[in-house]
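Source file: data29.pdb (PDB, C-alpha atoms, pLDDT in the B column)
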MODEL        1
ATOM      1  CA  GLY A  19     137.621 109.680  92.578  1.00 83.00           C
ATOM      2  CA  ASP A  20     134.796 112.006  93.480  1.00 87.00           C
ATOM      3  CA  SER A  21     131.563 110.484  94.773  1.00 91.00           C
ATOM      4  CA  VAL A  22     128.191 111.363  96.279  1.00 95.00           C
ATOM      5  CA  THR A  23     126.309 109.281  98.821  1.00 95.00           C
ATOM      6  CA  GLN A  24     122.632 109.821  99.572  1.00 94.00           C
ATOM      7  CA  MET A  25     120.365 108.208 102.108  1.00 88.00           C
ATOM      8  CA  GLU A  26     118.462 105.317 100.657  1.00 86.00           C
ATOM      9  CA  GLY A  27     114.785 105.586  99.995  1.00 86.00           C
ATOM     10  CA  PRO A  28     111.992 105.504  99.812  1.00 95.00           C
ATOM     11  CA  VAL A  29     111.391 108.065 102.506  1.00 96.00           C
ATOM     12  CA  THR A  30     107.738 108.191 103.513  1.00 97.00           C
ATOM     13  CA  LEU A  31     106.379 111.110 105.511  1.00 97.00           C
ATOM     14  CA  SER A  32     103.032 112.594 106.382  1.00 97.00           C
ATOM     15  CA  GLU A  33     102.054 115.989 105.057  1.00 97.00           C
ATOM     16  CA  GLU A  34     103.491 118.917 107.102  1.00 96.00           C
ATOM     17  CA  ALA A  35     106.283 116.756 108.506  1.00 97.00           C
ATOM     18  CA  PHE A  36     109.898 117.960 108.624  1.00 97.00           C
ATOM     19  CA  LEU A  37     112.143 116.566 105.897  1.00 97.00           C
ATOM     20  CA  THR A  38     115.832 115.794 105.877  1.00 97.00           C
ATOM     21  CA  ILE A  39     117.553 113.929 103.064  1.00 97.00           C
ATOM     22  CA  ASN A  40     121.204 113.323 103.825  1.00 97.00           C
ATOM     23  CA  CYS A  41     123.925 113.831 101.249  1.00 97.00           C
ATOM     24  CA  THR A  42     127.663 113.481 101.787  1.00 97.00           C
ATOM     25  CA  TYR A  43     130.433 113.748  99.263  1.00 96.00           C
ATOM     26  CA  THR A  44     134.083 113.088  98.606  1.00 94.00           C
ATOM     27  CA  ALA A  45     135.983 115.413  96.320  1.00 91.00           C
ATOM     28  CA  THR A  46     139.596 116.265  95.622  1.00 85.00           C
ATOM     29  CA  GLY A  47     139.021 119.967  95.018  1.00 82.00           C
ATOM     30  CA  TYR A  48     136.373 122.559  95.788  1.00 84.00           C
ATOM     31  CA  PRO A  49     133.164 121.344  94.226  1.00 91.00           C
ATOM     32  CA  SER A  50     129.856 123.012  93.589  1.00 92.00           C
ATOM     33  CA  LEU A  51     126.933 121.103  95.066  1.00 94.00           C
ATOM     34  CA  PHE A  52     123.468 120.668  93.624  1.00 95.00           C
ATOM     35  CA  TRP A  53     120.097 119.220  94.460  1.00 97.00           C
ATOM     36  CA  TYR A  54     117.956 118.196  91.510  1.00 96.00           C
ATOM     37  CA  VAL A  55     114.364 116.965  91.707  1.00 96.00           C
ATOM     38  CA  GLN A  56     112.591 114.632  89.312  1.00 93.00           C
ATOM     39  CA  TYR A  57     108.800 114.526  89.456  1.00 92.00           C
ATOM     40  CA  PRO A  58     107.053 111.444  88.066  1.00 86.00           C
ATOM     41  CA  GLY A  59     107.327 111.286  84.302  1.00 79.00           C
ATOM     42  CA  GLU A  60     109.367 114.463  84.055  1.00 83.00           C
ATOM     43  CA  GLY A  61     112.967 115.481  83.536  1.00 84.00           C
ATOM     44  CA  LEU A  62     115.410 116.690  86.144  1.00 91.00           C
ATOM     45  CA  GLN A  63     114.958 120.183  87.532  1.00 92.00           C
ATOM     46  CA  LEU A  64     117.514 122.115  89.510  1.00 93.00           C
ATOM     47  CA  LEU A  65     116.137 122.648  92.999  1.00 97.00           C
ATOM     48  CA  LEU A  66     119.043 124.556  94.554  1.00 96.00           C
ATOM     49  CA  LYS A  67     122.792 124.834  94.512  1.00 94.00           C
ATOM     50  CA  ALA A  68     125.764 126.155  96.474  1.00 94.00           C
ATOM     51  CA  THR A  69     129.147 126.942  95.008  1.00 91.00           C
ATOM     52  CA  LYS A  70     131.333 127.451  98.084  1.00 91.00           C
ATOM     53  CA  ALA A  71     131.619 126.446 101.700  1.00 93.00           C
ATOM     54  CA  ASP A  72     128.965 127.824 104.095  1.00 95.00           C
ATOM     55  CA  ASP A  73     126.731 128.904 101.209  1.00 96.00           C
ATOM     56  CA  LYS A  74     123.066 128.106 101.681  1.00 97.00           C
ATOM     57  CA  GLY A  75     120.957 127.266  98.682  1.00 97.00           C
ATOM     58  CA  SER A  76     117.198 127.654  98.948  1.00 97.00           C
ATOM     59  CA  ASN A  77     114.143 127.302  96.747  1.00 96.00           C
ATOM     60  CA  LYS A  78     110.453 126.424  97.200  1.00 95.00           C
ATOM     61  CA  GLY A  79     110.921 126.088 100.958  1.00 97.00           C
ATOM     62  CA  PHE A  80     113.844 123.680 100.588  1.00 98.00           C
ATOM     63  CA  GLU A  81     117.276 124.544 101.980  1.00 98.00           C
ATOM     64  CA  ALA A  82     120.725 122.998 101.987  1.00 98.00           C
ATOM     65  CA  THR A  83     123.970 124.322 103.465  1.00 97.00           C
ATOM     66  CA  TYR A  84     127.403 123.487 102.032  1.00 97.00           C
ATOM     67  CA  ARG A  85     129.355 122.108 105.000  1.00 96.00           C
ATOM     68  CA  LYS A  86     132.982 121.594 104.082  1.00 94.00           C
ATOM     69  CA  GLU A  87     133.985 120.360 107.531  1.00 94.00           C
ATOM     70  CA  THR A  88     131.522 117.467 107.369  1.00 95.00           C
ATOM     71  CA  THR A  89     131.520 117.192 103.538  1.00 96.00           C
ATOM     72  CA  SER A  90     127.731 117.329 103.574  1.00 97.00           C
ATOM     73  CA  PHE A  91     124.887 119.040 101.743  1.00 98.00           C
ATOM     74  CA  HIS A  92     121.743 117.808 103.475  1.00 98.00           C
ATOM     75  CA  LEU A  93     118.386 118.824 102.036  1.00 98.00           C
ATOM     76  CA  GLU A  94     115.740 120.117 104.476  1.00 98.00           C
ATOM     77  CA  LYS A  95     112.203 121.394 104.377  1.00 98.00           C
ATOM     78  CA  GLY A  96     110.158 122.451 107.358  1.00 96.00           C
ATOM     79  CA  SER A  97     106.733 121.300 106.184  1.00 96.00           C
ATOM     80  CA  VAL A  98     106.350 118.970 103.222  1.00 97.00           C
ATOM     81  CA  GLN A  99     103.358 118.749 100.925  1.00 97.00           C
ATOM     82  CA  VAL A 100     101.973 115.918  98.844  1.00 96.00           C
ATOM     83  CA  SER A 101     103.222 117.761  95.762  1.00 96.00           C
ATOM     84  CA  ASP A 102     106.817 117.334  97.006  1.00 97.00           C
ATOM     85  CA  SER A 103     106.628 113.623  96.225  1.00 97.00           C
ATOM     86  CA  ALA A 104     109.451 113.014  93.763  1.00 96.00           C
ATOM     87  CA  VAL A 105     112.969 111.628  93.469  1.00 95.00           C
ATOM     88  CA  TYR A 106     115.706 113.908  94.783  1.00 97.00           C
ATOM     89  CA  PHE A 107     119.284 113.716  93.484  1.00 96.00           C
ATOM     90  CA  CYS A 108     122.347 115.213  95.100  1.00 97.00           C
ATOM     91  CA  ALA A 109     125.231 115.983  92.746  1.00 95.00           C
ATOM     92  CA  LEU A 110     128.613 117.666  92.698  1.00 93.00           C
ATOM     93  CA  SER A 111     130.817 119.222  90.090  1.00 89.00           C
ATOM     94  CA  GLU A 112     134.435 120.227  90.490  1.00 81.00           C
ATOM     95  CA  SER A 113     135.186 123.820  89.527  1.00 69.00           C
ATOM     96  CA  SER A 114     137.659 122.639  86.920  1.00 68.00           C
ATOM     97  CA  ASN A 115     135.456 119.915  85.521  1.00 67.00           C
ATOM     98  CA  TYR A 116     132.050 120.123  83.903  1.00 74.00           C
ATOM     99  CA  GLN A 117     131.065 116.583  84.830  1.00 81.00           C
ATOM    100  CA  LEU A 118     128.272 116.126  87.335  1.00 87.00           C
ATOM    101  CA  ILE A 119     128.788 113.279  89.795  1.00 90.00           C
ATOM    102  CA  TRP A 120     125.393 111.998  90.922  1.00 92.00           C
ATOM    103  CA  GLY A 121     124.057 110.304  93.988  1.00 93.00           C
ATOM    104  CA  ALA A 122     121.715 107.355  93.531  1.00 92.00           C
ATOM    105  CA  GLY A 123     118.613 109.418  94.242  1.00 94.00           C
ATOM    106  CA  THR A 124     116.148 109.313  97.124  1.00 96.00           C
ATOM    107  CA  LYS A 125     112.489 108.707  96.468  1.00 96.00           C
ATOM    108  CA  LEU A 126     110.243 110.825  98.690  1.00 97.00           C
ATOM    109  CA  ILE A 127     106.612 109.860  99.267  1.00 97.00           C
ATOM    110  CA  ILE A 128     104.343 112.279 101.093  1.00 97.00           C
ATOM    111  CA  LYS A 129     101.020 110.930 102.351  1.00 96.00           C
ATOM    112  CA  PRO A 130      98.056 113.228 102.996  1.00 94.00           C
TER     113      PRO A 130
ATOM    114  CA  GLU B  20     113.025 131.769  78.628  1.00 65.00           C
ATOM    115  CA  ALA B  21     112.174 128.501  76.935  1.00 80.00           C
ATOM    116  CA  GLY B  22     113.671 125.372  78.433  1.00 92.00           C
ATOM    117  CA  VAL B  23     115.453 122.488  76.787  1.00 95.00           C
ATOM    118  CA  VAL B  24     113.171 120.850  74.249  1.00 95.00           C
ATOM    119  CA  GLN B  25     113.345 117.163  73.374  1.00 96.00           C
ATOM    120  CA  SER B  26     111.379 115.005  71.011  1.00 96.00           C
ATOM    121  CA  PRO B  27     109.851 112.552  70.872  1.00 96.00           C
ATOM    122  CA  ARG B  28     108.794 112.091  74.496  1.00 94.00           C
ATOM    123  CA  TYR B  29     108.209 108.387  74.045  1.00 96.00           C
ATOM    124  CA  LYS B  30     109.430 105.868  71.507  1.00 97.00           C
ATOM    125  CA  ILE B  31     108.736 102.162  71.201  1.00 98.00           C
ATOM    126  CA  ILE B  32     110.717 100.147  68.667  1.00 97.00           C
ATOM    127  CA  GLU B  33     111.701  96.588  68.013  1.00 97.00           C
ATOM    128  CA  LYS B  34     115.269  95.478  68.532  1.00 96.00           C
ATOM    129  CA  LYS B  35     117.647  95.990  65.640  1.00 96.00           C
ATOM    130  CA  GLN B  36     115.666  99.017  64.448  1.00 97.00           C
ATOM    131  CA  PRO B  37     117.236 102.480  64.307  1.00 97.00           C
ATOM    132  CA  VAL B  38     116.015 105.362  66.477  1.00 98.00           C
ATOM    133  CA  ALA B  39     116.861 109.041  66.749  1.00 98.00           C
ATOM    134  CA  PHE B  40     116.312 111.644  69.447  1.00 97.00           C
ATOM    135  CA  TRP B  41     116.328 115.386  68.950  1.00 97.00           C
ATOM    136  CA  CYS B  42     117.279 118.164  71.353  1.00 97.00           C
ATOM    137  CA  ASN B  43     117.045 121.948  71.183  1.00 96.00           C
ATOM    138  CA  PRO B  44     119.008 123.585  74.025  1.00 96.00           C
ATOM    139  CA  ILE B  45     118.318 126.855  75.773  1.00 95.00           C
ATOM    140  CA  SER B  46     119.202 129.794  73.571  1.00 93.00           C
ATOM    141  CA  GLY B  47     122.730 130.999  74.197  1.00 92.00           C
ATOM    142  CA  HIS B  48     123.896 127.796  75.871  1.00 93.00           C
ATOM    143  CA  ASN B  49     127.107 126.649  74.250  1.00 92.00           C
ATOM    144  CA  THR B  50     127.442 123.359  76.096  1.00 93.00           C
ATOM    145  CA  LEU B  51     125.125 120.459  75.378  1.00 95.00           C
ATOM    146  CA  TYR B  52     125.025 117.061  77.060  1.00 95.00           C
ATOM    147  CA  TRP B  53     123.351 113.762  76.328  1.00 97.00           C
ATOM    148  CA  TYR B  54     122.690 111.468  79.276  1.00 95.00           C
ATOM    149  CA  LEU B  55     121.193 108.033  79.727  1.00 95.00           C
ATOM    150  CA  GLN B  56     119.078 107.368  82.809  1.00 92.00           C
ATOM    151  CA  ASN B  57     118.021 103.910  83.890  1.00 91.00           C
ATOM    152  CA  LEU B  58     115.079 103.479  86.235  1.00 85.00           C
ATOM    153  CA  GLY B  59     115.936 104.359  89.814  1.00 81.00           C
ATOM    154  CA  GLN B  60     119.401 105.651  88.995  1.00 85.00           C
ATOM    155  CA  GLY B  61     121.151 108.920  88.355  1.00 88.00           C
ATOM    156  CA  PRO B  62     122.010 110.041  84.828  1.00 91.00           C
ATOM    157  CA  GLU B  63     125.102 108.737  83.051  1.00 91.00           C
ATOM    158  CA  LEU B  64     126.883 111.044  80.647  1.00 92.00           C
ATOM    159  CA  LEU B  65     127.090 109.853  77.042  1.00 95.00           C
ATOM    160  CA  ILE B  66     128.564 112.859  75.265  1.00 95.00           C
ATOM    161  CA  ARG B  67     129.303 116.535  75.766  1.00 94.00           C
ATOM    162  CA  TYR B  68     129.461 119.239  73.093  1.00 94.00           C
ATOM    163  CA  GLU B  69     131.100 122.619  73.198  1.00 91.00           C
ATOM    164  CA  ASN B  70     129.369 124.422  70.346  1.00 91.00           C
ATOM    165  CA  GLU B  71     129.563 121.948  67.457  1.00 91.00           C
ATOM    166  CA  GLU B  72     132.558 120.021  68.776  1.00 92.00           C
ATOM    167  CA  ALA B  73     132.161 116.763  70.703  1.00 93.00           C
ATOM    168  CA  VAL B  74     134.750 117.319  73.434  1.00 90.00           C
ATOM    169  CA  ASP B  75     133.978 114.230  75.513  1.00 89.00           C
ATOM    170  CA  ASP B  76     132.481 111.122  73.943  1.00 92.00           C
ATOM    171  CA  SER B  77     134.427 108.606  75.990  1.00 89.00           C
ATOM    172  CA  GLN B  78     131.243 107.036  77.400  1.00 91.00           C
ATOM    173  CA  LEU B  79     129.414 106.802  74.076  1.00 94.00           C
ATOM    174  CA  PRO B  80     129.166 103.217  72.716  1.00 93.00           C
ATOM    175  CA  LYS B  81     130.412 104.149  69.289  1.00 92.00           C
ATOM    176  CA  ASP B  82     129.629 100.826  67.672  1.00 95.00           C
ATOM    177  CA  ARG B  83     125.913 101.653  67.735  1.00 96.00           C
ATOM    178  CA  PHE B  84     125.509 105.203  69.040  1.00 97.00           C
ATOM    179  CA  SER B  85     126.255 108.388  67.155  1.00 97.00           C
ATOM    180  CA  ALA B  86     125.519 112.044  67.760  1.00 97.00           C
ATOM    181  CA  GLU B  87     125.834 115.323  65.963  1.00 95.00           C
ATOM    182  CA  ARG B  88     125.350 118.974  66.709  1.00 95.00           C
ATOM    183  CA  LEU B  89     125.341 120.791  63.436  1.00 83.00           C
ATOM    184  CA  LYS B  90     125.753 124.583  63.625  1.00 85.00           C
ATOM    185  CA  GLY B  91     126.284 124.289  67.366  1.00 85.00           C
ATOM    186  CA  VAL B  92     122.610 124.483  68.306  1.00 92.00           C
ATOM    187  CA  ASP B  93     120.268 121.491  67.892  1.00 96.00           C
ATOM    188  CA  SER B  94     121.586 118.003  68.441  1.00 97.00           C
ATOM    189  CA  THR B  95     120.563 114.510  67.402  1.00 97.00           C
ATOM    190  CA  LEU B  96     121.442 111.250  69.132  1.00 98.00           C
ATOM    191  CA  LYS B  97     121.055 108.063  67.114  1.00 98.00           C
ATOM    192  CA  ILE B  98     121.114 104.380  67.944  1.00 97.00           C
ATOM    193  CA  GLN B  99     121.523 101.835  65.184  1.00 97.00           C
ATOM    194  CA  PRO B 100     120.737  99.036  65.710  1.00 96.00           C
ATOM    195  CA  ALA B 101     118.897  99.243  69.019  1.00 96.00           C
ATOM    196  CA  GLU B 102     119.254  96.460  71.579  1.00 96.00           C
ATOM    197  CA  LEU B 103     116.968  95.435  74.420  1.00 96.00           C
ATOM    198  CA  GLY B 104     119.402  96.890  76.943  1.00 95.00           C
ATOM    199  CA  ASP B 105     119.061 100.353  75.400  1.00 96.00           C
ATOM    200  CA  SER B 106     115.624 100.788  76.984  1.00 97.00           C
ATOM    201  CA  ALA B 107     116.031 103.849  79.188  1.00 96.00           C
ATOM    202  CA  VAL B 108     115.323 107.553  79.349  1.00 95.00           C
ATOM    203  CA  TYR B 109     117.611 109.707  77.204  1.00 97.00           C
ATOM    204  CA  LEU B 110     118.109 113.149  78.631  1.00 96.00           C
ATOM    205  CA  CYS B 111     119.496 116.234  76.972  1.00 96.00           C
ATOM    206  CA  ALA B 112     120.884 119.087  79.050  1.00 95.00           C
ATOM    207  CA  SER B 113     122.524 122.405  78.308  1.00 95.00           C
ATOM    208  CA  SER B 114     124.540 125.001  80.177  1.00 92.00           C
ATOM    209  CA  ARG B 115     125.891 128.410  79.350  1.00 90.00           C
ATOM    210  CA  THR B 116     129.465 127.319  79.973  1.00 84.00           C
ATOM    211  CA  SER B 117     131.220 124.090  80.879  1.00 80.00           C
ATOM    212  CA  GLY B 118     132.394 125.381  84.248  1.00 77.00           C
ATOM    213  CA  GLY B 119     131.689 123.110  87.186  1.00 72.00           C
ATOM    214  CA  TRP B 120     129.767 125.869  88.964  1.00 77.00           C
ATOM    215  CA  ASP B 121     127.406 126.372  86.041  1.00 81.00           C
ATOM    216  CA  THR B 122     123.946 124.860  86.196  1.00 87.00           C
ATOM    217  CA  GLN B 123     122.929 122.195  83.732  1.00 90.00           C
ATOM    218  CA  TYR B 124     119.314 122.495  82.608  1.00 92.00           C
ATOM    219  CA  PHE B 125     117.581 119.291  81.586  1.00 93.00           C
ATOM    220  CA  GLY B 126     114.915 118.542  79.062  1.00 94.00           C
ATOM    221  CA  PRO B 127     111.983 116.217  79.821  1.00 92.00           C
ATOM    222  CA  GLY B 128     113.722 113.246  78.249  1.00 94.00           C
ATOM    223  CA  THR B 129     112.789 110.609  75.697  1.00 96.00           C
ATOM    224  CA  ARG B 130     111.652 107.302  77.139  1.00 95.00           C
ATOM    225  CA  LEU B 131     112.829 104.537  74.824  1.00 97.00           C
ATOM    226  CA  THR B 132     111.371 101.050  74.980  1.00 97.00           C
ATOM    227  CA  VAL B 133     113.034  98.368  72.873  1.00 97.00           C
ATOM    228  CA  LEU B 134     110.931  95.232  72.385  1.00 96.00           C
TER     229      LEU B 134
ENDMDL
END
In structure tokens, how does this file's structure come out?
Amino acid sequence: GDSVTQMEGPVTLSEEAFLTINCTYTATGYPSLFWYVQYPGEGLQLLLKATKADDKGSNKGFEATYRKETTSFHLEKGSVQVSDSAVYFCALSESSNYQLIWGAGTKLIIKP
Amino acid sequence: EAGVVQSPRYKIIEKKQPVAFWCNPISGHNTLYWYLQNLGQGPELLIRYENEEAVDDSQLPKDRFSAERLKGVDSTLKIQPAELGDSAVYLCASSRTSGGWDTQYFGPGTRLTVL
């Protein structure tokens, strides 16, 4: 079945460092890919998404490119801030299926 | 546009007591989801509604969990009786359609603690 694999956390970086959180997937069809973020004590918020190969999703300085050839959707940000500290979830959804398949989440800690 | 609203935000009960969670989705969103999220994990789907119809409740523990979505808008999730293992965050989400490309928008969740 479909699955999502994320790099394990926690990931600890200093402020203004470059961020990459790896996400790879397996899917039988042509999924849409999502990054959600969960700040402490809050619900999940959509960060960005991409619905077809080579699409780039971006929001709040974060970017991720849908790479079909490597089945990846890595999250990147050029300069992280303390306020980016949160748990980041990668997820996929097949076009014919509503169900979101979630990665395990990656906790990001940014130190000033 | 108002987001998904859930109440209460926190609930502490003793085991064997009943508990109910309420959700108001984004206006115009026909699809509503209830998820369970354990600490450090991704959400697990409990039930999905299309308007007022529960179209997927295969993951809902029906011996103690029930849900309803009267009039196809607000929804209530109930647990009776609660067990210690039910302590988790219960998330409600909604989307305009049930297509895989459509974004699910999440509420803040209800954190349940069963003592």
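Counting from CA of Gly75 in chain A, the distance to CA of His92 in chain A is 10.6 Å.
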What are the residues of chain B lining chain A at 7 Å or less? Count only C-alpha atoms, and put the answer as a list of chain:residue names.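 The answer, sorted by residue number, is B:Gln60, B:Gly61, B:Ser117, B:Gly118, B:Gly119, B:Trp120, B:Tyr124, B:Phe125, B:Gly126, B:Pro127, B:Gly128.
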Selection under test: the PyMOL selection byres ((chain B and resi 98) around 12); residues as a ChimeraX atom specification: /B:32,34-40,79-86,95-97,99-106,109,131,133
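Using all atoms listed in the file, the nearest neighbour of Pro28 in chain A within the list A:Pro130, A:Gly79, A:Trp53, A:Ala104 is A:Ala104.
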Any chance you could work out the residue set of the PyMOL selection byres ((chain A and resi 80) around 12) here, as an NGL selection string? :A and (36-39 or 53-55 or 64-67 or 74-79 or 81-83 or 92-99 or 102 or 106)
Give me, as an NGL selection string, all polymer residues having an atom no more than 6 Å from range 53-59 of chain B, counting only C-alpha atoms and skipping those fewer than 5 positions away in the same chain. :B and (64-66 or 107-111)
